[in-house]
Structures are given as C-alpha cells and as structure tokens.
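Engineer: Quick one, protein.txt (compact mmCIF, C-alpha atoms):
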```
# COMPACT_ATOMS: atom_id res chain seq x y z
CA MET A 1 207.53 19.97 142.18
CA TYR A 2 210.24 21.94 140.37
CA GLU A 3 210.25 25.56 139.30
CA GLN A 4 211.91 26.42 136.01
CA SER A 5 214.40 29.24 136.29
CA GLY A 6 215.97 29.06 132.85
CA ALA A 7 216.56 26.83 129.89
CA THR A 8 219.58 24.99 131.23
CA GLY A 9 218.70 24.27 134.85
CA GLU A 10 216.12 24.45 137.53
CA THR A 11 215.68 26.03 140.94
CA ILE A 12 215.06 23.35 143.49
CA GLY A 13 214.34 23.34 147.21
CA LEU A 14 216.26 20.79 149.29
CA LEU A 15 215.41 20.06 152.91
CA VAL A 16 218.21 18.28 154.79
CA GLU A 17 217.94 16.75 158.27
CA ALA A 18 221.27 16.01 159.90
CA ALA A 19 223.05 15.41 163.16
CA PRO A 20 223.94 18.76 164.77
CA GLY A 21 227.37 20.25 165.12
CA PRO A 22 229.62 22.87 163.62
CA GLY A 23 230.86 22.02 160.18
CA ILE A 24 227.71 20.44 158.80
CA LEU A 25 226.94 23.45 156.57
CA HIS A 26 230.52 23.33 155.32
CA GLN A 27 230.14 19.66 154.34
CA LEU A 28 226.78 20.13 152.61
CA THR A 29 227.89 23.18 150.62
CA GLY A 30 230.96 21.22 149.54
CA VAL A 31 228.76 18.57 147.92
CA ILE A 32 226.62 21.25 146.25
CA ALA A 33 229.69 23.13 144.93
CA ARG A 34 231.10 19.91 143.41
CA HIS A 35 227.89 19.56 141.40
CA SER A 36 228.08 23.20 140.27
CA GLY A 37 224.99 24.10 142.26
CA ASP A 38 224.46 27.84 142.73
CA ILE A 39 222.88 28.42 146.15
CA ASN A 40 220.32 31.27 146.30
CA LEU A 41 218.89 30.67 149.75
CA VAL A 42 219.88 28.88 152.92
CA GLU A 43 217.59 28.63 155.96
CA ILE A 44 218.78 26.99 159.14
CA LEU A 45 215.45 25.80 160.47
CA GLU A 46 216.60 23.94 163.49
CA ASN A 47 219.93 23.98 165.24
CA ARG A 48 219.49 21.96 168.38
CA PRO A 49 221.53 19.46 170.40
CA SER A 50 219.42 16.65 168.96
CA GLN A 51 219.16 17.66 165.31
CA SER A 52 219.74 20.29 162.68
CA ARG A 53 217.47 20.98 159.71
CA ILE A 54 218.71 23.07 156.81
CA TYR A 55 216.83 24.24 153.74
CA PHE A 56 218.54 25.22 150.48
CA GLU A 57 217.29 26.74 147.26
CA LEU A 58 219.73 26.31 144.43
CA ASP A 59 220.08 26.47 140.67
CA LEU A 60 221.31 23.18 139.37
CA PRO A 61 221.77 21.67 135.92
CA SER A 62 218.69 19.44 135.46
CA SER A 63 220.83 16.36 134.98
CA ARG A 64 222.42 16.83 138.40
CA VAL A 65 219.36 17.07 140.64
CA VAL A 66 218.99 13.41 141.48
CA GLU A 67 222.65 12.69 142.04
CA THR A 68 223.18 15.85 144.15
CA ALA A 69 220.32 14.87 146.46
CA LYS A 70 221.67 11.34 146.62
CA GLU A 71 225.22 12.46 147.40
CA LEU A 72 223.99 14.81 150.16
CA GLY A 73 222.31 11.76 151.66
CA LEU A 74 225.70 10.02 151.79
CA VAL A 75 227.29 12.66 154.05
CA PRO A 76 227.69 10.72 157.33
CA ALA A 77 225.83 13.29 159.50
CA VAL A 78 222.84 13.48 157.11
CA ARG A 79 219.67 11.60 158.08
CA ARG A 80 217.24 12.67 155.36
CA VAL A 81 217.12 14.70 152.14
CA GLU A 82 213.85 15.87 150.60
CA VAL A 83 213.13 17.90 147.46
CA VAL A 84 210.44 20.53 148.24
CA GLN A 85 208.74 23.58 146.68
CA THR A 86 210.71 26.81 146.71
CA PHE A 87 209.83 29.86 148.85
CA GLN A 88 209.87 32.13 145.81
CA ARG A 89 207.02 30.06 144.48
CA ILE A 90 205.07 30.06 147.75
CA TYR A 91 205.63 33.47 149.35
CA GLY A 92 207.05 35.51 146.47
CA LYS A 93 207.86 39.22 146.74
CA ARG A 94 207.68 40.96 150.09
CA ILE A 95 206.39 44.44 150.94
CA ILE A 96 207.63 45.66 154.34
CA ILE A 97 205.65 48.19 156.39
CA MET A 98 207.14 49.76 159.51
CA GLY A 99 206.32 52.54 161.95
CA GLY A 100 203.56 53.23 164.48
CA GLY A 101 200.88 50.58 165.05
CA ALA A 102 197.83 52.68 164.13
CA GLN A 103 199.21 53.72 160.76
CA VAL A 104 201.04 50.47 159.98
CA GLY A 105 197.66 48.72 160.42
CA GLN A 106 195.90 50.98 157.90
CA VAL A 107 198.69 50.65 155.32
CA ALA A 108 198.61 46.87 155.80
CA LEU A 109 194.85 46.82 155.14
CA GLY A 110 195.36 48.49 151.78
CA ALA A 111 198.38 46.38 150.83
CA ILE A 112 196.79 43.06 151.85
CA SER A 113 193.56 43.75 149.95
CA GLU A 114 195.47 44.78 146.85
CA ALA A 115 197.91 41.83 147.10
CA ASP A 116 194.89 39.51 147.29
CA ARG A 117 193.64 40.79 143.93
CA HIS A 118 196.99 40.21 142.27
CA ASN A 119 197.71 36.86 143.94
CA ILE A 120 194.39 35.58 142.60
CA ARG A 121 195.75 36.37 139.13
CA GLY A 122 198.98 34.45 139.69
CA GLU A 123 201.21 36.90 141.55
CA HIS A 124 202.90 35.94 144.82
CA ILE A 125 203.09 39.01 147.05
CA SER A 126 203.23 38.90 150.84
CA VAL A 127 202.92 41.87 153.18
CA ASP A 128 205.14 42.03 156.28
CA THR A 129 204.90 44.58 159.06
CA ILE A 130 206.74 45.64 162.16
CA PRO A 131 205.37 48.21 164.59
CA LEU A 132 208.34 50.07 166.06
CA VAL A 133 209.16 53.32 167.82
CA GLY A 134 212.36 55.31 168.18
CA GLU A 135 214.67 56.97 165.68
CA GLN A 136 217.61 54.58 166.06
CA THR A 137 215.42 51.44 166.26
CA LEU A 138 213.63 52.44 163.07
CA ALA A 139 216.85 53.40 161.28
CA ASP A 140 218.35 49.98 162.15
CA ALA A 141 215.20 48.22 160.91
CA VAL A 142 215.20 50.23 157.65
CA ARG A 143 218.86 49.32 156.99
CA ALA A 144 218.16 45.65 157.76
CA VAL A 145 215.48 45.46 155.03
CA THR A 146 218.19 45.11 152.40
CA ARG A 147 219.29 41.97 154.26
CA LEU A 148 215.81 40.42 154.09
CA PRO A 149 215.29 37.96 151.26
CA ARG A 150 212.70 38.86 148.57
CA ALA A 151 212.00 42.38 149.97
CA ARG A 152 210.94 44.71 147.13
CA ALA A 153 209.35 47.77 148.72
CA LEU A 154 209.37 49.50 152.11
CA ILE A 155 206.57 51.72 153.40
CA LEU A 156 207.24 54.06 156.31
CA ALA A 157 204.03 54.68 158.23
CA GLY A 158 204.20 57.25 160.99
CA ALA A 159 203.54 60.85 161.95
CA LEU A 160 207.13 62.04 162.44
CA MET A 161 210.33 60.51 161.04
CA GLY A 162 213.63 62.13 160.24
CA GLY A 163 217.30 62.31 161.19
CA GLU A 164 218.95 58.91 161.20
CA ILE A 165 215.86 57.33 159.57
CA GLU A 166 216.19 59.72 156.62
CA LYS A 167 219.83 58.68 156.19
CA ALA A 168 218.86 55.01 156.31
CA VAL A 169 216.16 55.60 153.66
CA ARG A 170 218.70 57.18 151.30
CA GLU A 171 221.07 54.26 151.84
CA VAL A 172 218.52 51.54 151.09
CA ARG A 173 217.22 53.42 148.03
CA ASP A 174 220.80 53.49 146.74
CA GLN A 175 220.75 49.72 147.03
CA GLY A 176 217.67 49.51 144.81
CA LEU A 177 214.84 49.25 147.34
CA LEU A 178 211.63 51.17 146.57
CA VAL A 179 210.65 53.40 149.53
CA ILE A 180 207.19 54.91 150.01
CA SER A 181 206.54 57.34 152.87
CA LEU A 182 203.28 58.56 154.31
CA ASN A 183 202.91 62.33 154.17
CA MET A 184 204.26 63.19 157.63
CA ALA A 185 206.37 65.58 159.68
CA GLY A 186 210.16 65.24 159.51
CA SER A 187 212.57 64.77 156.61
CA VAL A 188 211.73 61.16 155.60
CA PRO A 189 209.15 62.19 152.94
CA ASP A 190 211.87 64.24 151.20
CA ALA A 191 214.05 61.13 150.95
CA ALA A 192 211.40 58.69 149.68
CA ASP A 193 210.58 57.61 146.11
CA LEU A 194 206.93 58.42 146.64
CA VAL A 195 204.86 60.24 149.30
CA VAL A 196 201.23 59.24 149.88
CA THR A 197 198.79 60.87 152.31
CA ASP A 198 196.14 58.16 152.62
CA PRO A 199 197.64 55.09 154.37
CA VAL A 200 195.32 52.62 152.59
CA GLN A 201 196.32 54.07 149.22
CA ALA A 202 200.00 53.90 150.20
CA GLY A 203 199.63 50.14 150.72
CA VAL A 204 197.72 49.72 147.46
CA MET A 205 200.31 51.70 145.48
CA ALA A 206 203.22 49.72 146.93
CA VAL A 207 201.65 46.46 145.79
CA MET A 208 200.82 47.89 142.34
CA ALA A 209 204.43 49.04 141.99
CA VAL A 210 205.87 45.55 142.51
CA ALA A 211 203.12 43.44 140.88
CA GLU A 212 203.74 42.10 137.38
CA THR A 213 199.97 41.93 137.02
CA ALA A 214 199.52 45.72 137.51
CA LYS A 215 199.95 48.53 135.01
CA PHE A 216 201.67 50.97 137.32
CA ASP A 217 205.12 52.35 136.73
CA LEU A 218 206.61 54.72 139.31
CA GLU A 219 208.98 56.08 136.67
CA ARG A 220 206.04 57.29 134.62
CA LEU A 221 204.17 59.06 137.42
CA LYS A 222 203.89 62.81 136.85
CA ARG A 223 203.86 63.59 140.59
CA ARG A 224 205.93 62.22 143.46
CA SER A 225 203.36 63.14 146.09
CA TYR A 226 199.67 62.15 146.46
CA MET B 227 226.82 46.10 168.62
CA TYR B 228 226.77 42.55 169.97
CA GLU B 229 223.90 40.61 171.46
CA GLN B 230 224.65 38.31 174.36
CA SER B 231 223.32 34.80 173.89
CA GLY B 232 224.95 33.09 176.86
CA ALA B 233 227.77 33.30 179.31
CA THR B 234 230.47 31.81 177.13
CA GLY B 235 229.92 33.40 173.76
CA GLU B 236 227.97 35.90 171.78
CA THR B 237 225.65 35.94 168.78
CA ILE B 238 227.10 38.16 166.11
CA GLY B 239 225.96 39.26 162.67
CA LEU B 240 228.57 39.17 159.89
CA LEU B 241 228.01 40.72 156.49
CA VAL B 242 230.40 39.44 153.81
CA GLU B 243 230.84 40.88 150.31
CA ALA B 244 232.64 38.59 147.90
CA ALA B 245 233.26 37.78 144.29
CA PRO B 246 230.45 35.58 142.95
CA GLY B 247 230.66 31.94 142.04
CA PRO B 248 229.81 28.50 143.33
CA GLY B 249 231.89 27.42 146.28
CA ILE B 250 232.09 30.74 148.11
CA LEU B 251 229.66 29.60 150.82
CA HIS B 252 231.69 26.42 151.22
CA GLN B 253 234.88 28.45 151.78
CA LEU B 254 233.29 30.88 154.26
CA THR B 255 231.63 28.14 156.33
CA GLY B 256 234.98 26.35 156.44
CA VAL B 257 236.60 29.34 158.15
CA ILE B 258 233.67 29.61 160.59
CA ALA B 259 233.78 25.89 161.43
CA ARG B 260 237.52 26.09 162.15
CA HIS B 261 236.79 28.76 164.76
CA SER B 262 233.99 26.62 166.29
CA GLY B 263 231.33 29.11 165.17
CA ASP B 264 227.78 27.74 165.32
CA ILE B 265 225.79 29.24 162.45
CA ASN B 266 222.14 30.05 163.24
CA LEU B 267 221.23 32.02 160.16
CA VAL B 268 222.51 32.48 156.62
CA GLU B 269 221.01 34.96 154.18
CA ILE B 270 222.26 35.16 150.63
CA LEU B 271 221.44 38.79 149.94
CA GLU B 272 222.88 39.11 146.51
CA ASN B 273 224.01 36.45 144.07
CA ARG B 274 224.85 38.27 140.88
CA PRO B 275 227.48 38.02 138.14
CA SER B 276 229.22 41.05 139.64
CA GLN B 277 229.04 40.29 143.34
CA SER B 278 227.65 38.14 146.10
CA ARG B 279 226.67 39.38 149.57
CA ILE B 280 226.10 36.88 152.37
CA TYR B 281 224.89 37.54 155.91
CA PHE B 282 225.58 35.14 158.80
CA GLU B 283 224.39 35.05 162.39
CA LEU B 284 226.53 32.78 164.53
CA ASP B 285 227.38 31.91 168.11
CA LEU B 286 231.06 32.33 168.66
CA PRO B 287 233.33 32.23 171.69
CA SER B 288 233.90 35.91 172.54
CA SER B 289 237.65 35.56 172.14
CA ARG B 290 237.25 34.40 168.53
CA VAL B 291 235.11 37.21 167.09
CA VAL B 292 237.89 39.46 165.86
CA GLU B 293 240.09 36.73 164.42
CA THR B 294 237.16 35.00 162.68
CA ALA B 295 236.16 38.24 160.95
CA LYS B 296 239.78 38.85 160.04
CA GLU B 297 240.29 35.36 158.63
CA LEU B 298 237.10 35.60 156.56
CA GLY B 299 238.60 38.76 155.08
CA LEU B 300 241.64 36.74 153.98
CA VAL B 301 239.61 34.35 151.79
CA PRO B 302 240.72 35.40 148.27
CA ALA B 303 237.19 35.99 146.93
CA VAL B 304 236.17 38.16 149.91
CA ARG B 305 236.08 41.93 149.42
CA ARG B 306 234.64 43.14 152.73
CA VAL B 307 233.55 41.82 156.15
CA GLU B 308 231.37 43.84 158.51
CA VAL B 309 229.99 43.05 161.99
CA VAL B 310 226.32 44.15 162.17
CA GLN B 311 223.26 43.87 164.46
CA THR B 312 221.39 40.58 164.39
CA PHE B 313 217.89 40.10 162.92
CA GLN B 314 216.65 38.52 166.12
CA ARG B 315 217.39 41.83 167.77
CA ILE B 316 215.77 43.93 165.05
CA TYR B 317 212.75 41.96 163.81
CA GLY B 318 212.29 39.36 166.56
CA LYS B 319 209.45 36.84 166.57
CA ARG B 320 207.14 36.54 163.61
CA ILE B 321 203.39 36.01 163.50
CA ILE B 322 202.17 34.76 160.11
CA ILE B 323 198.63 35.42 158.88
CA MET B 324 197.31 33.76 155.75
CA GLY B 325 194.01 33.36 153.93
CA GLY B 326 191.56 35.70 152.19
CA GLY B 327 192.42 39.39 151.86
CA ALA B 328 189.39 40.82 153.70
CA GLN B 329 189.91 38.69 156.79
CA VAL B 330 193.72 38.68 156.73
CA GLY B 331 193.52 42.48 156.81
CA GLN B 332 191.31 42.53 159.93
CA VAL B 333 193.47 39.99 161.78
CA ALA B 334 196.54 42.02 160.84
CA LEU B 335 194.96 45.18 162.29
CA GLY B 336 194.52 43.48 165.66
CA ALA B 337 197.95 41.84 165.64
CA ILE B 338 199.81 45.00 164.57
CA SER B 339 198.12 47.18 167.20
CA GLU B 340 198.81 44.63 169.93
CA ALA B 341 202.43 44.06 168.78
CA ASP B 342 202.95 47.83 168.95
CA ARG B 343 201.99 47.83 172.64
CA HIS B 344 204.44 45.05 173.43
CA ASN B 345 207.26 46.33 171.24
CA ILE B 346 207.10 49.65 173.10
CA ARG B 347 207.84 47.65 176.25
CA GLY B 348 210.87 45.93 174.77
CA GLU B 349 209.44 43.02 172.78
CA HIS B 350 210.31 42.49 169.12
CA ILE B 351 207.30 41.06 167.31
CA SER B 352 206.63 41.47 163.60
CA VAL B 353 203.44 40.53 161.77
CA ASP B 354 203.66 38.95 158.32
CA THR B 355 200.76 38.21 156.01
CA ILE B 356 200.04 36.52 152.75
CA PRO B 357 196.67 36.70 151.02
CA LEU B 358 196.16 33.40 149.20
CA VAL B 359 193.38 31.29 147.72
CA GLY B 360 193.10 27.61 146.95
CA GLU B 361 193.35 24.47 149.05
CA GLN B 362 196.68 23.22 147.73
CA THR B 363 198.27 26.68 147.62
CA LEU B 364 197.29 27.32 151.24
CA ALA B 365 198.39 23.86 152.38
CA ASP B 366 201.81 24.43 150.76
CA ALA B 367 202.10 27.82 152.42
CA VAL B 368 201.12 26.40 155.83
CA ARG B 369 203.75 23.66 155.55
CA ALA B 370 206.38 26.19 154.49
CA VAL B 371 205.88 28.25 157.69
CA THR B 372 208.05 25.76 159.59
CA ARG B 373 210.84 26.62 157.13
CA LEU B 374 210.55 30.38 157.86
CA PRO B 375 213.02 31.70 160.40
CA ARG B 376 211.64 33.11 163.68
CA ALA B 377 207.98 32.12 162.95
CA ARG B 378 206.14 31.48 166.24
CA ALA B 379 202.42 31.50 165.44
CA LEU B 380 200.22 31.04 162.38
CA ILE B 381 196.72 32.47 162.01
CA LEU B 382 194.39 31.08 159.37
CA ALA B 383 191.93 33.75 158.29
CA GLY B 384 189.19 32.68 155.92
CA ALA B 385 185.60 31.54 155.60
CA LEU B 386 186.18 27.93 154.49
CA MET B 387 189.30 25.82 154.93
CA GLY B 388 189.65 22.06 155.21
CA GLY B 389 191.03 18.96 153.50
CA GLU B 390 194.71 19.26 152.70
CA ILE B 391 194.95 22.49 154.74
CA GLU B 392 193.72 20.64 157.84
CA LYS B 393 196.43 17.98 157.32
CA ALA B 394 199.07 20.69 156.94
CA VAL B 395 197.86 22.37 160.17
CA ARG B 396 198.24 19.10 162.11
CA GLU B 397 201.75 18.62 160.67
CA VAL B 398 203.02 22.07 161.62
CA ARG B 399 201.48 21.84 165.11
CA ASP B 400 203.40 18.58 165.58
CA GLN B 401 206.52 20.57 164.82
CA GLY B 402 205.73 23.03 167.62
CA LEU B 403 204.05 25.90 165.76
CA LEU B 404 201.07 27.57 167.46
CA VAL B 405 198.06 27.65 165.10
CA ILE B 406 195.02 29.90 165.58
CA SER B 407 192.02 29.60 163.27
CA LEU B 408 189.13 31.95 162.75
CA ASN B 409 185.77 30.34 163.46
CA MET B 410 184.91 29.20 159.93
CA ALA B 411 183.41 26.45 157.79
CA GLY B 412 185.53 23.37 157.07
CA SER B 413 187.69 21.19 159.29
CA VAL B 414 190.60 23.59 159.99
CA PRO B 415 189.09 24.93 163.26
CA ASP B 416 189.03 21.34 164.61
CA ALA B 417 192.75 21.02 163.97
CA ALA B 418 193.87 24.36 165.46
CA ASP B 419 195.18 25.14 168.96
CA LEU B 420 192.63 27.92 169.35
CA VAL B 421 189.54 29.12 167.47
CA VAL B 422 188.54 32.79 167.58
CA THR B 423 185.47 34.36 165.98
CA ASP B 424 186.45 38.03 165.91
CA PRO B 425 189.40 38.53 163.51
CA VAL B 426 190.79 41.52 165.40
CA GLN B 427 190.78 39.52 168.63
CA ALA B 428 192.44 36.58 166.86
CA GLY B 429 195.34 38.87 165.94
CA VAL B 430 195.54 40.29 169.47
CA MET B 431 195.52 36.83 171.07
CA ALA B 432 198.25 35.53 168.78
CA VAL B 433 200.54 38.37 169.80
CA MET B 434 199.69 37.93 173.48
CA ALA B 435 200.50 34.21 173.19
CA VAL B 436 204.04 34.81 171.91
CA ALA B 437 204.89 38.02 173.83
CA GLU B 438 207.11 37.70 176.90
CA THR B 439 205.54 40.99 178.05
CA ALA B 440 202.00 39.51 178.18
CA LYS B 441 200.37 37.40 180.87
CA PHE B 442 198.59 34.99 178.55
CA ASP B 443 199.18 31.28 178.53
CA LEU B 444 197.29 29.13 176.02
CA GLU B 445 197.83 26.08 178.22
CA ARG B 446 195.85 27.72 181.00
CA LEU B 447 192.84 28.78 178.93
CA LYS B 448 189.63 27.07 180.01
CA ARG B 449 188.13 27.18 176.54
CA ARG B 450 189.62 26.44 173.13
CA SER B 451 187.05 28.52 171.26
CA TYR B 452 186.07 32.21 171.61
```
Could you express the structure from this file as structure tokens?
Structural biologist:
Amino acid sequence: MYEQSGATGETIGLLVEAAPGPGILHQLTGVIARHSGDINLVEILENRPSQSRIYFELDLPSSRVVETAKELGLVPAVRRVEVVQTFQRIYGKRIIIMGGGAQVGQVALGAISEADRHNIRGEHISVDTIPLVGEQTLADAVRAVTRLPRARALILAGALMGGEIEKAVREVRDQGLLVISLNMAGSVPDAADLVVTDPVQAGVMAVMAVAETAKFDLERLKRRSY
Amino acid sequence: MYEQSGATGETIGLLVEAAPGPGILHQLTGVIARHSGDINLVEILENRPSQSRIYFELDLPSSRVVETAKELGLVPAVRRVEVVQTFQRIYGKRIIIMGGGAQVGQVALGAISEADRHNIRGEHISVDTIPLVGEQTLADAVRAVTRLPRARALILAGALMGGEIEKAVREVRDQGLLVISLNMAGSVPDAADLVVTDPVQAGVMAVMAVAETAKFDLERLKRRSY
C-alpha cells in the first residue's frame, strides 16, 4: 500500500471525508504539520453542502503514519480517513499536447503507443491533450502547464504559432519544462528545445525523453530539428 | 482576470511563493479561512529545499479579494502572491482514456477531434490518456479517477477487461462518473453506462456527453450499446 520515497520516511496517500465548511483544510493541515508531515499534493475532490472529500500525499516519518491518520480522524468535522495508493504511483509523469485537433491527435497516437511500451516495463507515463485555438488562449494554457502536477514535457502541435505563445514557451522552459514543437510557421519552433516534423515521431520522442526506461538524452542530440 | 462563479463572489486563482517547510499550507489556509474563502483547488507546484510554490482556487466575496491577497503576503514565509487565471477556465472538463496503447490511441483521436469542434465554440474539454496493462493496475487507476480534479468521463479501451476492473467501474459510477467501454471480452462492458464498438466513435460520444455545446443526452439514448 505504501510507496517508499527514502530511507527515513514514506510517501502516503490519505483520503479524508469531512463535514463541509471553510476552515477544514486549515484544521487538517495543522494536524499534519504537528506530525512533521511534508505535504506534496492536495486534491479537493468534493466541496459540497453535504460533504467535503480531500486527498493528501505527504512524506511522513514511518513511525508517524498510524498516529497521524488516527489524529486526523479525531478532528470533529472528520467522518473517515483512509490510506490509499499515491497518484505518482498510478499516473506518474505527464506529457501535455496542445494545439489544433488534427495534429494533436497524431502526436497523441505516437505518444500513447510509445508510453504503452515503457509502462509495460514499469514506467508510469500518461499523455494529456487539449485542443485549443487562439494566440492568447494557447499562451495562457502553455503558462498554466507549470502549475499542473507531474507535467514533464509539452508538445505544441499546430501549423502556425508565434507571438505571445513564443513568449510563454520561453517562460516555461526557464522553469525547467521540456518543450517540443512541430515544424510549423511562426516563431514557436525557434523557442522550443526540439523541433520535429512528423507528429507521430514528436509524440514518441517526448515519451523517450522523459522515460527512465529509454536511452534518449536530449542533451546529447547532435541536431535540434528533425 | 477573474471568473464569475455566482452573484455574491468570484472564483480566483492565487499563486503563492514561499519559503519551504512544514506548516506553510496550514498558515496560508488559516488566512483564507479568516476571510471566509472557500478553497476548491490546491496545487503544490514546488516543494523544494529552496522554495515552495502553492496555487489555490477559491470562492471569495468580491470585497475580500484584495485584502486576502495582501494578508497572505504578510505571512512571514511568503515571498510573492499573484492573482492568476483559474484552471477551470483554461483546461476545463477532463475525459480520461485508459487501457491498451493501440486502442487508447484510436479513442483519443476521436475524442480530441470532437473536443476541438466544441472548444472552438467556447467549451473547455481536455482529453487525458494512460496506457496501462494488468487487472490490478487498471482497477487502481479506475478508482483513482474519482480523485482527479475536473474528470467527467472515463473510457475503457481494451480487448479484455473484467474482474477487479469491473468492480472498480461500478464503484466510480456510483460516485457519479460516466463510464464508456469499448465492446470487448470480459465483464466490463456489462458494468459501463455505454458500450461502443468503434473506438473513434467512443471518443466522440464521450466528448458529446460532457459538452454543453452538444445535443446529446445519455439518458435519452434508446440503446446502451453501439
């Protein structure tokens, strides 16, 4: 049930059902902080008049797991606490593909087939897409990728992208995100880590670049454009 | 910059950069609770020895937005507070496709093309996939969908699924998730809301079922299998 994250503690998933209302997150995080839990992920799954459900992933000294769960259960608003598998273990790294539907679909085909081959060998790579049009809409979506949990690479699939999207690409690369662009009109290819002409290959390369099970290192590529 | 969520308040996105360390989330949520903010989403974007970055989406009385942001900035560990666009606005509803790579890819093609058509008309639908094998692995991933934010429909794309996966499908349907299954061997089709033979059509139908811009109501379908 648990996933080891180091020698001294473990990463656990905790699912908490509670009465609704402002302040519940404040109370729960107070209990976790008192036990020196380091929270990596919070998902508010339900926030309704009848009930709230909150999911945490946290690093916790092994000796504290049982008592932390127990103490969360003692918070008056809490109805149920369950220890569950972590997302990192289930969904793993994310590749994000955005742009026009026709091309996003072809890139996704390549990425999904390649992810399948690595996931069979123990990787956990998921492929997420959003078909979008418009310079500002796309630029906003590119910037938001750095706020998505577990996102490792972004592929821009379109026929023409530039301007504000190019700026957004430079910003997210500065924050450590890998960006692959299809070979297209506009200035986005100039700003990307890698430019690929065939959309299926672009998807395959993105997965190879983030997979531990692949021998593919962008740093060692002789060309930046394929 | 803001998205209206009702007459009395607004849903805002707040990006907070702070010094790292356990307890920071507890302090921030305390400020938000004091201003009667109702938190819908928390993303811990960075949790490193040098810095933590946390993103909140919350409903807040309009009159409190400025002072809440200001007071968060006064928490000693906080380095920067920024009001940003919400995810709901950028990425919208999610369709999740899981199963074997070959079939997941075909379903994704249909879903991405159809989402494109609706997104052009103002919808926000993204299509997320994970190629996976194994009964227990898939059952875990199915159950975890109800812990993913903004997930509206799940498509199971494979040639044989049953046992623990069927149980997981029934559980997530009880929690309100729409489940579409390809026509396949095993007991999963019996447990799904809808069974579709052509993978491309399965993707298209899933998007139509969750799109506000489509005239497609599962409740009104005469058949459960296509």
Engineer: Restricting the calculation to only C-alpha atoms, which member of B:Ile346, B:Ala244, B:Val291, B:Ile351 is positioned closest to Gly263 of chain B?
Structural biologist: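 The answer is B:Val291, which sits nearest to Gly263 of chain B.
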Engineer: As a PyMOL selection string, could you give me every residue of chain A near chain B (at most 8 Å apart, counting all atoms listed in the file)?
Structural biologist: chain A and resi 21-23+25-27+29-30+33+36-45+47+55+87+90-91+100-102+104-106+108-109+112-116+119-120+125-133+137+140-141+144+146-149
Engineer: Contacts of Lys70 of chain A at 10 Å or less, counting only C-alpha atoms, minus same-chain residues fewer than 4 places along, as a list of chain:residue names?
Structural biologist: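 Counting only the stated atoms, we get A:Arg64, A:Val65, A:Val66, A:Leu74, A:Val75, A:Arg80, A:Val81, A:Glu82.
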Engineer: Just to confirm, what's the straight-line distance from atom CA of Ser451 of chain B to atom CA of Val421 of chain B in Å (one decimal)?
Structural biologist: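 Atom-to-atom, atom CA of Ser451 of chain B and atom CA of Val421 of chain B are spaced 4.6 Å apart.
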Engineer: From the options A:Gln201, A:Gln136, A:Thr68, A:Gln175, which residue's atoms come nearest to Arg152 of chain A, counting only C-alpha atoms?
Structural biologist: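 When distances to Arg152 of chain A are compared using only C-alpha atoms, the smallest one comes from A:Gln175.
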Engineer: What is the distance between atom CA of Arg79 of chain A and atom CA of Glu17 of chain A, in Å to one decimal?
Structural biologist: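 Atom CA of Glu17 of chain A lies 5.4 Å from atom CA of Arg79 of chain A.
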Engineer: May I ask for the distance between atom CA of Ile406 of chain B and atom CA of Leu420 of chain B, given in Å to one decimal place?
Structural biologist: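 Atom CA of Leu420 of chain B lies at a distance of 4.9 Å from atom CA of Ile406 of chain B.
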Engineer: Using all atoms listed in the file, find the one residue out of A:Leu178, A:Leu60, A:Ala191, A:Val83 that sits nearest to Gly162 of chain A.
Structural biologist: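 Nearest to Gly162 of chain A: A:Ala191.
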Engineer: Quick one: residues within 12 Å of Leu160 of chain A, only C-alpha atoms, excluding same-chain residues fewer than 3 positions away - as a PyMOL selection string?
Structural biologist: chain A and resi 99-100+103+133-135+138+156-157+163+165-166+181-189
Engineer: Restricting the output to C-alpha atoms, write the selected residues as a JSON list (two decimals), in the coordinates of the input.
Structural biologist:
```json
[["chain", "number", "residue", "atom", "x", "y", "z"],
["A", 99, "GLY", "CA", 206.32, 52.54, 161.95],
["A", 100, "GLY", "CA", 203.56, 53.23, 164.48],
["A", 103, "GLN", "CA", 199.21, 53.72, 160.76],
["A", 133, "VAL", "CA", 209.16, 53.32, 167.82],
["A", 134, "GLY", "CA", 212.36, 55.31, 168.18],
["A", 135, "GLU", "CA", 214.67, 56.97, 165.68],
["A", 138, "LEU", "CA", 213.63, 52.44, 163.07],
["A", 156, "LEU", "CA", 207.24, 54.06, 156.31],
["A", 157, "ALA", "CA", 204.03, 54.68, 158.23],
["A", 163, "GLY", "CA", 217.30, 62.31, 161.19],
["A", 165, "ILE", "CA", 215.86, 57.33, 159.57],
["A", 166, "GLU", "CA", 216.19, 59.72, 156.62],
["A", 181, "SER", "CA", 206.54, 57.34, 152.87],
["A", 182, "LEU", "CA", 203.28, 58.56, 154.31],
["A", 183, "ASN", "CA", 202.91, 62.33, 154.17],
["A", 184, "MET", "CA", 204.26, 63.19, 157.63],
["A", 185, "ALA", "CA", 206.37, 65.58, 159.68],
["A", 186, "GLY", "CA", 210.16, 65.24, 159.51],
["A", 187, "SER", "CA", 212.57, 64.77, 156.61],
["A", 188, "VAL", "CA", 211.73, 61.16, 155.60],
["A", 189, "PRO", "CA", 209.15, 62.19, 152.94]]
```
Engineer: With distances taken over all atoms listed in the file, which residue among B:Ala385, B:Ala394, B:Thr237, B:Gly429 lies nearest Leu284 of chain B?
Structural biologist: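 Comparing B:Ala385, B:Ala394, B:Thr237, B:Gly429 against Leu284 of chain B, the winner is B:Thr237.
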Engineer: Taking into account all atoms listed in the file, which residue in the set B:Ala365, B:Val436, B:Val304, B:Ala418 is nearest to Ala377 of chain B?
Structural biologist: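 Result for the nearest residue to Ala377 of chain B: B:Val436.
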